[in-house]
Every structure is written in structure tokens, then in C-alpha cells.
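Have a look at upload-v5.csv below; it lists CSV, N, CA and C atoms.
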chain,number,residue,atom,x,y,z
A,1,GLN,N,-65.6,-189.4,-144.8
A,1,GLN,CA,-64.2,-189.3,-145.3
A,1,GLN,C,-63.3,-189.7,-144.1
A,2,VAL,N,-62.2,-190.3,-144.4
A,2,VAL,CA,-61.3,-190.7,-143.4
A,2,VAL,C,-59.9,-190.1,-143.7
A,3,GLN,N,-59.2,-189.6,-142.6
A,3,GLN,CA,-57.9,-189.1,-142.7
A,3,GLN,C,-57.0,-189.9,-141.8
A,4,LEU,N,-55.8,-190.2,-142.3
A,4,LEU,CA,-54.8,-191.0,-141.5
A,4,LEU,C,-53.6,-190.1,-141.3
A,5,VAL,N,-53.2,-189.9,-140.0
A,5,VAL,CA,-52.0,-189.1,-139.7
A,5,VAL,C,-51.0,-189.9,-139.0
A,6,GLU,N,-49.8,-190.0,-139.7
A,6,GLU,CA,-48.7,-190.9,-139.2
A,6,GLU,C,-47.7,-190.0,-138.5
A,7,SER,N,-47.0,-190.6,-137.6
A,7,SER,CA,-45.9,-190.0,-136.9
A,7,SER,C,-44.9,-191.0,-136.4
A,8,GLY,N,-43.7,-190.6,-136.1
A,8,GLY,CA,-42.7,-191.4,-135.4
A,8,GLY,C,-41.5,-191.9,-136.2
A,9,GLY,N,-41.5,-191.5,-137.5
A,9,GLY,CA,-40.4,-191.9,-138.3
A,9,GLY,C,-39.1,-191.1,-138.0
A,10,GLY,N,-38.0,-191.5,-138.6
A,10,GLY,CA,-36.8,-190.7,-138.3
A,10,GLY,C,-35.6,-191.5,-138.7
A,11,LEU,N,-34.4,-191.1,-138.2
A,11,LEU,CA,-33.1,-191.7,-138.5
A,11,LEU,C,-32.7,-192.5,-137.2
A,12,VAL,N,-32.3,-193.7,-137.4
A,12,VAL,CA,-31.9,-194.6,-136.3
A,12,VAL,C,-30.7,-195.4,-136.8
A,13,GLN,N,-29.8,-195.8,-135.8
A,13,GLN,CA,-28.7,-196.6,-136.2
A,13,GLN,C,-29.2,-198.1,-136.2
A,14,PRO,N,-28.4,-198.9,-137.0
A,14,PRO,CA,-28.7,-200.3,-137.0
A,14,PRO,C,-28.8,-200.9,-135.6
A,15,GLY,N,-29.8,-201.7,-135.4
A,15,GLY,CA,-30.0,-202.3,-134.0
A,15,GLY,C,-30.9,-201.5,-133.2
A,16,GLY,N,-31.2,-200.3,-133.6
A,16,GLY,CA,-32.1,-199.4,-132.8
A,16,GLY,C,-33.6,-199.6,-133.0
A,17,SER,N,-34.4,-198.8,-132.3
A,17,SER,CA,-35.8,-199.0,-132.3
A,17,SER,C,-36.5,-197.7,-132.7
A,18,LEU,N,-37.7,-197.8,-133.3
A,18,LEU,CA,-38.6,-196.7,-133.5
A,18,LEU,C,-40.0,-197.2,-133.3
A,19,ARG,N,-40.9,-196.3,-133.0
A,19,ARG,CA,-42.3,-196.6,-132.9
A,19,ARG,C,-43.1,-195.6,-133.7
A,20,LEU,N,-43.8,-196.2,-134.7
A,20,LEU,CA,-44.7,-195.5,-135.6
A,20,LEU,C,-46.1,-195.4,-135.0
A,21,SER,N,-46.8,-194.3,-135.2
A,21,SER,CA,-48.2,-194.2,-134.8
A,21,SER,C,-49.0,-193.7,-136.0
A,22,CYS,N,-50.3,-194.1,-136.0
A,22,CYS,CA,-51.2,-193.7,-137.1
A,22,CYS,C,-52.5,-193.5,-136.4
A,23,ALA,N,-53.0,-192.3,-136.5
A,23,ALA,CA,-54.4,-192.0,-136.0
A,23,ALA,C,-55.3,-191.8,-137.1
A,24,ALA,N,-56.5,-192.4,-137.0
A,24,ALA,CA,-57.5,-192.3,-138.1
A,24,ALA,C,-58.6,-191.4,-137.5
A,25,ASN,N,-59.0,-190.4,-138.4
A,25,ASN,CA,-60.1,-189.5,-138.0
A,25,ASN,C,-61.1,-189.5,-139.1
A,26,GLY,N,-62.4,-189.5,-138.6
A,26,GLY,CA,-63.5,-189.5,-139.6
A,26,GLY,C,-64.5,-190.6,-139.2
A,27,ILE,N,-65.2,-191.1,-140.2
A,27,ILE,CA,-66.1,-192.2,-139.9
A,27,ILE,C,-65.4,-193.5,-140.0
A,28,ILE,N,-65.2,-194.1,-138.8
A,28,ILE,CA,-64.5,-195.3,-138.6
A,28,ILE,C,-65.5,-196.4,-138.1
A,29,PHE,N,-65.6,-197.4,-138.9
A,29,PHE,CA,-66.5,-198.5,-138.5
A,29,PHE,C,-65.8,-199.5,-137.5
A,30,SER,N,-66.5,-200.2,-136.7
A,30,SER,CA,-65.9,-201.1,-135.7
A,30,SER,C,-65.2,-202.2,-136.4
A,31,ILE,N,-65.7,-202.6,-137.5
A,31,ILE,CA,-65.1,-203.7,-138.3
A,31,ILE,C,-64.1,-203.2,-139.3
A,32,ASN,N,-62.8,-203.3,-139.1
A,32,ASN,CA,-61.9,-202.8,-140.0
A,32,ASN,C,-60.5,-203.4,-139.8
A,33,THR,N,-59.7,-203.2,-140.8
A,33,THR,CA,-58.3,-203.7,-140.7
A,33,THR,C,-57.4,-202.5,-140.9
A,34,MET,N,-56.4,-202.4,-140.0
A,34,MET,CA,-55.4,-201.3,-140.2
A,34,MET,C,-54.0,-202.0,-140.4
A,35,GLY,N,-53.2,-201.3,-141.1
A,35,GLY,CA,-51.9,-201.9,-141.3
A,35,GLY,C,-50.8,-200.9,-141.7
A,36,TRP,N,-49.6,-201.4,-141.8
A,36,TRP,CA,-48.4,-200.7,-142.2
A,36,TRP,C,-47.8,-201.3,-143.5
A,37,TYR,N,-47.5,-200.5,-144.4
A,37,TYR,CA,-46.8,-200.9,-145.6
A,37,TYR,C,-45.6,-200.0,-145.8
A,38,ARG,N,-44.7,-200.4,-146.6
A,38,ARG,CA,-43.5,-199.6,-146.8
A,38,ARG,C,-43.0,-199.7,-148.3
A,39,GLN,N,-42.3,-198.7,-148.7
A,39,GLN,CA,-41.8,-198.6,-150.1
A,39,GLN,C,-40.5,-198.0,-150.1
A,40,ALA,N,-39.5,-198.8,-150.5
A,40,ALA,CA,-38.1,-198.3,-150.7
A,40,ALA,C,-37.9,-197.8,-152.1
A,41,PRO,N,-37.0,-196.9,-152.4
A,41,PRO,CA,-36.8,-196.4,-153.7
A,41,PRO,C,-36.5,-197.6,-154.7
A,42,GLY,N,-37.3,-197.6,-155.8
A,42,GLY,CA,-37.1,-198.6,-156.8
A,42,GLY,C,-37.9,-199.9,-156.5
A,43,ASN,N,-38.5,-199.9,-155.4
A,43,ASN,CA,-39.2,-201.2,-155.0
A,43,ASN,C,-40.7,-200.9,-155.0
A,44,ARG,N,-41.5,-202.0,-155.0
A,44,ARG,CA,-42.9,-201.9,-154.9
A,44,ARG,C,-43.3,-201.7,-153.4
A,45,ARG,N,-44.5,-201.2,-153.2
A,45,ARG,CA,-44.9,-201.0,-151.9
A,45,ARG,C,-45.3,-202.4,-151.3
A,46,GLU,N,-44.9,-202.8,-150.1
A,46,GLU,CA,-45.1,-204.1,-149.6
A,46,GLU,C,-45.7,-204.0,-148.2
A,47,LEU,N,-46.5,-205.1,-147.9
A,47,LEU,CA,-47.2,-205.2,-146.6
A,47,LEU,C,-46.1,-205.5,-145.6
A,48,VAL,N,-46.2,-204.7,-144.5
A,48,VAL,CA,-45.3,-205.0,-143.3
A,48,VAL,C,-46.0,-205.7,-142.2
A,49,ALA,N,-47.2,-205.2,-141.9
A,49,ALA,CA,-48.0,-205.8,-140.8
A,49,ALA,C,-49.4,-205.3,-140.9
A,50,ILE,N,-50.4,-206.2,-140.5
A,50,ILE,CA,-51.7,-205.7,-140.4
A,50,ILE,C,-52.4,-206.3,-139.2
A,51,ILE,N,-53.4,-205.6,-138.7
A,51,ILE,CA,-54.2,-206.1,-137.5
A,51,ILE,C,-55.6,-205.8,-137.8
A,52,ASP,N,-56.5,-206.7,-137.4
A,52,ASP,CA,-57.9,-206.4,-137.6
A,52,ASP,C,-58.6,-206.1,-136.3
A,53,ASN,N,-59.9,-205.9,-136.3
A,53,ASN,CA,-60.6,-205.5,-135.1
A,53,ASN,C,-60.7,-206.7,-134.1
A,54,ASN,N,-60.4,-207.9,-134.5
A,54,ASN,CA,-60.3,-209.0,-133.6
A,54,ASN,C,-58.8,-209.2,-133.1
A,55,ASP,N,-58.0,-208.3,-133.4
A,55,ASP,CA,-56.5,-208.4,-133.0
A,55,ASP,C,-55.8,-209.5,-133.8
A,56,PHE,N,-56.4,-210.0,-134.9
A,56,PHE,CA,-55.6,-210.9,-135.7
A,56,PHE,C,-54.5,-210.1,-136.4
A,57,THR,N,-53.3,-210.7,-136.4
A,57,THR,CA,-52.2,-210.0,-137.0
A,57,THR,C,-51.5,-210.9,-138.0
A,58,HIS,N,-50.8,-210.2,-138.9
A,58,HIS,CA,-50.0,-210.9,-140.0
A,58,HIS,C,-48.8,-210.0,-140.3
A,59,TYR,N,-47.7,-210.6,-140.4
A,59,TYR,CA,-46.4,-209.9,-140.6
A,59,TYR,C,-45.7,-210.4,-141.9
A,60,LEU,N,-44.9,-209.4,-142.5
A,60,LEU,CA,-44.0,-209.8,-143.5
A,60,LEU,C,-42.9,-210.7,-142.8
A,61,ALA,N,-42.5,-211.7,-143.5
A,61,ALA,CA,-41.6,-212.7,-142.9
A,61,ALA,C,-40.3,-212.1,-142.4
A,62,SER,N,-39.8,-211.1,-143.1
A,62,SER,CA,-38.5,-210.5,-142.7
A,62,SER,C,-38.6,-209.6,-141.5
A,63,VAL,N,-39.8,-209.3,-141.0
A,63,VAL,CA,-39.9,-208.5,-139.8
A,63,VAL,C,-40.4,-209.2,-138.6
A,64,LYS,N,-40.9,-210.5,-138.8
A,64,LYS,CA,-41.4,-211.3,-137.7
A,64,LYS,C,-40.3,-211.4,-136.6
A,65,GLY,N,-40.8,-211.2,-135.3
A,65,GLY,CA,-39.9,-211.2,-134.2
A,65,GLY,C,-39.2,-209.9,-133.9
A,66,ARG,N,-39.3,-209.0,-134.9
A,66,ARG,CA,-38.6,-207.7,-134.6
A,66,ARG,C,-39.7,-206.6,-134.5
A,67,PHE,N,-40.7,-206.7,-135.3
A,67,PHE,CA,-41.8,-205.6,-135.4
A,67,PHE,C,-43.0,-206.2,-134.7
A,68,THR,N,-43.7,-205.3,-134.0
A,68,THR,CA,-45.0,-205.6,-133.4
A,68,THR,C,-46.1,-204.6,-133.7
A,69,ILE,N,-47.2,-205.0,-134.3
A,69,ILE,CA,-48.3,-204.1,-134.5
A,69,ILE,C,-49.3,-204.2,-133.4
A,70,SER,N,-49.9,-203.1,-133.1
A,70,SER,CA,-50.9,-203.1,-132.0
A,70,SER,C,-51.9,-201.9,-132.3
A,71,ARG,N,-53.0,-201.9,-131.6
A,71,ARG,CA,-53.9,-200.8,-131.8
A,71,ARG,C,-54.6,-200.5,-130.5
A,72,ASN,N,-55.2,-199.3,-130.5
A,72,ASN,CA,-55.9,-198.8,-129.4
A,72,ASN,C,-57.4,-199.3,-129.6
A,73,ASN,N,-57.7,-200.4,-129.0
A,73,ASN,CA,-59.0,-201.0,-129.2
A,73,ASN,C,-60.1,-200.2,-128.5
A,74,ALA,N,-59.8,-199.4,-127.6
A,74,ALA,CA,-60.9,-198.6,-127.0
A,74,ALA,C,-61.6,-197.8,-128.0
A,75,LYS,N,-60.8,-197.2,-128.9
A,75,LYS,CA,-61.4,-196.4,-130.0
A,75,LYS,C,-61.3,-197.1,-131.4
A,76,ASN,N,-60.4,-198.0,-131.5
A,76,ASN,CA,-60.2,-198.7,-132.7
A,76,ASN,C,-59.7,-197.8,-133.8
A,77,THR,N,-59.1,-196.7,-133.5
A,77,THR,CA,-58.7,-195.8,-134.5
A,77,THR,C,-57.2,-195.4,-134.5
A,78,VAL,N,-56.4,-196.0,-133.6
A,78,VAL,CA,-55.0,-195.7,-133.6
A,78,VAL,C,-54.2,-197.1,-133.7
A,79,VAL,N,-53.3,-197.1,-134.6
A,79,VAL,CA,-52.5,-198.3,-134.7
A,79,VAL,C,-51.0,-197.9,-134.6
A,80,TYR,N,-50.2,-198.8,-134.0
A,80,TYR,CA,-48.8,-198.6,-133.7
A,80,TYR,C,-48.0,-199.7,-134.4
A,81,LEU,N,-46.8,-199.3,-134.7
A,81,LEU,CA,-45.8,-200.3,-135.2
A,81,LEU,C,-44.5,-200.1,-134.4
A,82,GLN,N,-44.2,-201.0,-133.5
A,82,GLN,CA,-43.0,-201.0,-132.7
A,82,GLN,C,-42.0,-201.8,-133.5
A,83,MET,N,-40.9,-201.1,-133.8
A,83,MET,CA,-39.8,-201.7,-134.7
A,83,MET,C,-38.6,-201.7,-133.9
A,84,ASN,N,-38.1,-203.0,-133.6
A,84,ASN,CA,-36.9,-203.2,-132.9
A,84,ASN,C,-35.8,-203.9,-133.8
A,85,SER,N,-34.6,-203.8,-133.3
A,85,SER,CA,-33.5,-204.5,-134.1
A,85,SER,C,-33.5,-204.1,-135.6
A,86,LEU,N,-33.7,-202.8,-135.8
A,86,LEU,CA,-33.8,-202.3,-137.1
A,86,LEU,C,-32.5,-202.5,-138.0
A,87,LYS,N,-32.7,-202.8,-139.2
A,87,LYS,CA,-31.7,-203.1,-140.2
A,87,LYS,C,-31.7,-202.1,-141.3
A,88,PRO,N,-30.5,-201.9,-142.0
A,88,PRO,CA,-30.5,-200.9,-143.1
A,88,PRO,C,-31.6,-201.2,-144.1
A,89,GLU,N,-31.9,-202.5,-144.3
A,89,GLU,CA,-32.9,-202.9,-145.3
A,89,GLU,C,-34.3,-202.6,-144.9
A,90,ASP,N,-34.5,-202.1,-143.7
A,90,ASP,CA,-35.8,-201.6,-143.3
A,90,ASP,C,-36.1,-200.2,-143.7
A,91,THR,N,-35.0,-199.5,-144.3
A,91,THR,CA,-35.2,-198.1,-144.7
A,91,THR,C,-36.2,-198.0,-145.8
A,92,ALA,N,-37.2,-197.2,-145.6
A,92,ALA,CA,-38.3,-197.0,-146.6
A,92,ALA,C,-39.2,-195.9,-146.1
A,93,VAL,N,-40.1,-195.5,-146.9
A,93,VAL,CA,-41.3,-194.7,-146.5
A,93,VAL,C,-42.3,-195.7,-146.0
A,94,TYR,N,-42.8,-195.5,-144.8
A,94,TYR,CA,-43.8,-196.3,-144.2
A,94,TYR,C,-45.2,-195.6,-144.3
A,95,TYR,N,-46.2,-196.4,-144.8
A,95,TYR,CA,-47.5,-195.9,-144.9
A,95,TYR,C,-48.5,-196.6,-144.1
A,96,CYS,N,-49.4,-195.9,-143.5
A,96,CYS,CA,-50.5,-196.5,-142.8
A,96,CYS,C,-51.7,-196.7,-143.7
A,97,LYS,N,-52.5,-197.7,-143.5
A,97,LYS,CA,-53.7,-198.0,-144.3
A,97,LYS,C,-54.8,-198.5,-143.4
A,98,LEU,N,-56.0,-198.0,-143.7
A,98,LEU,CA,-57.2,-198.5,-143.1
A,98,LEU,C,-58.1,-199.0,-144.2
A,99,ALA,N,-58.7,-200.2,-143.9
A,99,ALA,CA,-59.6,-200.8,-144.9
A,99,ALA,C,-60.9,-201.1,-144.1
A,100,GLN,N,-62.0,-200.7,-144.7
A,100,GLN,CA,-63.3,-201.0,-144.1
A,100,GLN,C,-64.4,-201.1,-145.2
A,101,ASN,N,-65.5,-201.7,-144.8
A,101,ASN,CA,-66.6,-201.8,-145.8
A,101,ASN,C,-66.2,-202.6,-147.0
A,102,ARG,N,-65.3,-203.4,-146.9
A,102,ARG,CA,-64.8,-204.3,-148.0
A,102,ARG,C,-64.1,-203.6,-149.1
A,103,VAL,N,-64.5,-202.4,-149.4
A,103,VAL,CA,-64.0,-201.8,-150.6
A,103,VAL,C,-63.3,-200.4,-150.3
A,104,ASP,N,-63.5,-199.9,-149.2
A,104,ASP,CA,-63.0,-198.6,-148.8
A,104,ASP,C,-61.6,-198.7,-148.3
A,105,GLU,N,-60.6,-198.0,-148.9
A,105,GLU,CA,-59.2,-198.0,-148.4
A,105,GLU,C,-58.8,-196.6,-148.3
A,106,TYR,N,-58.0,-196.3,-147.2
A,106,TYR,CA,-57.5,-195.0,-147.0
A,106,TYR,C,-56.0,-195.1,-146.6
A,107,TRP,N,-55.2,-194.2,-147.1
A,107,TRP,CA,-53.8,-194.2,-146.9
A,107,TRP,C,-53.3,-192.9,-146.2
A,108,GLY,N,-52.3,-193.1,-145.4
A,108,GLY,CA,-51.6,-191.9,-144.8
A,108,GLY,C,-50.7,-191.3,-145.8
A,109,GLN,N,-50.0,-190.2,-145.4
A,109,GLN,CA,-49.1,-189.5,-146.3
A,109,GLN,C,-47.7,-190.2,-146.3
A,110,GLY,N,-47.4,-191.0,-145.4
A,110,GLY,CA,-46.1,-191.7,-145.3
A,110,GLY,C,-45.2,-191.0,-144.4
A,111,THR,N,-44.3,-191.8,-143.7
A,111,THR,CA,-43.3,-191.3,-142.8
A,111,THR,C,-42.0,-192.0,-143.1
A,112,GLN,N,-40.9,-191.3,-143.2
A,112,GLN,CA,-39.6,-191.8,-143.6
A,112,GLN,C,-38.9,-192.5,-142.4
A,113,VAL,N,-38.5,-193.7,-142.7
A,113,VAL,CA,-37.7,-194.4,-141.7
A,113,VAL,C,-36.3,-194.7,-142.4
A,114,THR,N,-35.2,-194.2,-141.8
A,114,THR,CA,-33.9,-194.4,-142.3
A,114,THR,C,-33.0,-195.1,-141.2
A,115,VAL,N,-32.5,-196.3,-141.6
A,115,VAL,CA,-31.6,-197.0,-140.7
A,115,VAL,C,-30.2,-197.0,-141.3
A,116,SER,N,-29.4,-196.2,-140.6
A,116,SER,CA,-28.0,-196.0,-141.1
A,116,SER,C,-27.1,-195.6,-139.9
A,117,SER,N,-25.8,-196.0,-140.1
A,117,SER,CA,-24.8,-195.6,-139.1
A,117,SER,C,-24.1,-194.4,-139.6
Before we go any further, please render this structure as C-alpha cells.
Amino acid sequence: QVQLVESGGGLVQPGGSLRLSCAANGIIFSINTMGWYRQAPGNRRELVAIIDNNDFTHYLASVKGRFTISRNNAKNTVVYLQMNSLKPEDTAVYYCKLAQNRVDEYWGQGTQVTVSS
């Protein structure tokens, strides 16, 4: 079993920065993909950024150049999302996800990010 624990959300003014962290505990295989998704009220959950064990990354178009995903490759179990130049439209609950073994998916409990003046 795998558990994901997120931290780092909060309230920030437009233009500010936040760093989200997600730590995975349990049986983690070396080949996996970790990522961040978000869901705003009334909207579908959407992919924000993902990174695989080869450090391949992919971003939602609206966050490119502002957000950076990275991971602790020494253990391959911690993923970060550095969010800069935050906008009100980035407000959402952010979820961490780990995918491995092609079919196994695990989600964190979510952390609220609110961008408001």
C-alpha cells in the first residue's frame, strides 16, 4: 500500500509563490510517475505537472514558465511543485498522484491553494 502526504498549501497574494511537497510512503518502485493535479469548485480535476523516474516533465500550458516540478531522485519518493507568479485562477485544491506498475494509482488528500489579495 502507498500513502501520499502533501504539504505547503495556503493563502498567497497574486504574484506570490508557494512550494508544495508530496512524500510517498510504502512500496515504491523505481519506475514510476508522480504528478500534481488540481480541482477548482465546479471544474474537473486537471493535470498541472508530471515527472517520471527519468525526469521527463510535462506541464499544463497555462502554468509553463511559472511552475516547476521536481523530485528527490535519491529516494524517488518526494515530489515538489514550485509555483511562482501565482494568479487568482490558480486557486484550487492541489492533489499529488503516484502511478506505478501501469495500473496502480495513488492520490494524496489534497491541499488548498488560494491566490487572492
Q. Neighbours of Tyr94 of chain A within 8 Å (all atoms listed in the file; same-chain residues fewer than 5 positions away dropped), as an NGL selection string?
A. :A and (6 or 9 or 36-40 or 108-113)
Q. Quick one: distance from atom CA of Gln13 of chain A to atom CA of Asn43 of chain A in Å, one decimal?
A.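 These two atoms are separated by 22.0 Å.
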(Q) Applying 7 Å and only N, CA and C atoms, which residues near Ser7 of chain A remain after dropping the ones on its own chain fewer than 4 positions away? List them as a ChimeraX atom specification. (A) /A:19-23,111
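A straight line drawn from atom C of Asn76 of chain A to atom CA of Gly8 of chain A is 18.2 Å long.
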**Q.** For atom CA of Asn72 of chain A and atom CA of Leu86 of chain A, the interatomic separation in Å (one decimal)
**A.**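 Computed distance, atom CA of Asn72 of chain A to atom CA of Leu86 of chain A, equals 23.7 Å.
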Q: Could you find all residues in segment 1-114 of chain A that DSSP calls strand (DSSP E) from the backbone, and write them as a ChimeraX atom specification?
A: /A:2-7,10-12,18-26,32-39,46-52,57-59,67-71,78-83,92-100,104-107,111-114
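Take the candidates A:Glu89, A:Glu105, A:Glu46, A:Asp55 and check each one against Thr68 of chain A using only C-alpha atoms; the shortest distance goes to A:Asp55.
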Q) When distances are computed from only N, CA and C atoms, which of A:Ser30, A:Gln3, A:Asn101, A:Ser17 shows the smallest separation from Ser85 of chain A? A) A:Ser17
Q.
Here is a test: counting only N, CA and C atoms, which residue of A:Pro41, A:Gly65, A:Gly16, A:Gly35 is nearest to Lys97 of chain A?
A.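 When distances to Lys97 of chain A are compared using only N, CA and C atoms, the smallest one comes from A:Gly35.
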**Q.** Which residue of A:Thr77, A:Asn32, A:Gln100, A:Thr91 approaches Pro14 of chain A most closely, using only C-alpha atoms
**A.**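 The shortest atom-to-atom distance to Pro14 of chain A comes from A:Thr91.
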Enclose the full set of atoms of segment 69-84 of chain A listed in the file within a box whose edges lie along x, y and z, apply 8 Å of padding to each of the six sides, and report centre and edge lengths in Å to one decimal as lines of an AutoDock Vina configuration file.
center_x = -48.7
center_y = -200.2
center_z = -131.1
size_x = 41.8
size_y = 25.6
size_z = 24.2
Q) Nearest to Val5 of chain A among A:Asn25, A:Asp52, A:Leu81, A:Ser62, with distances taken over all atoms listed in the file: which residue is it? A) A:Asn25
(Q) List the spatial neighbours of Trp107 of chain A as a ChimeraX atom specification - criterion: any atom at most 6 Å away, all atoms listed in the file, same-chain residues fewer than 6 positions off excluded. (A) /A:4,96-98
Q | Counting only C-alpha atoms, the option among A:Val93, A:Val78, A:Met83, A:Val63 closest to Ile28 of chain A | A |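 Selected residue with least distance to Ile28 of chain A: A:Val78.
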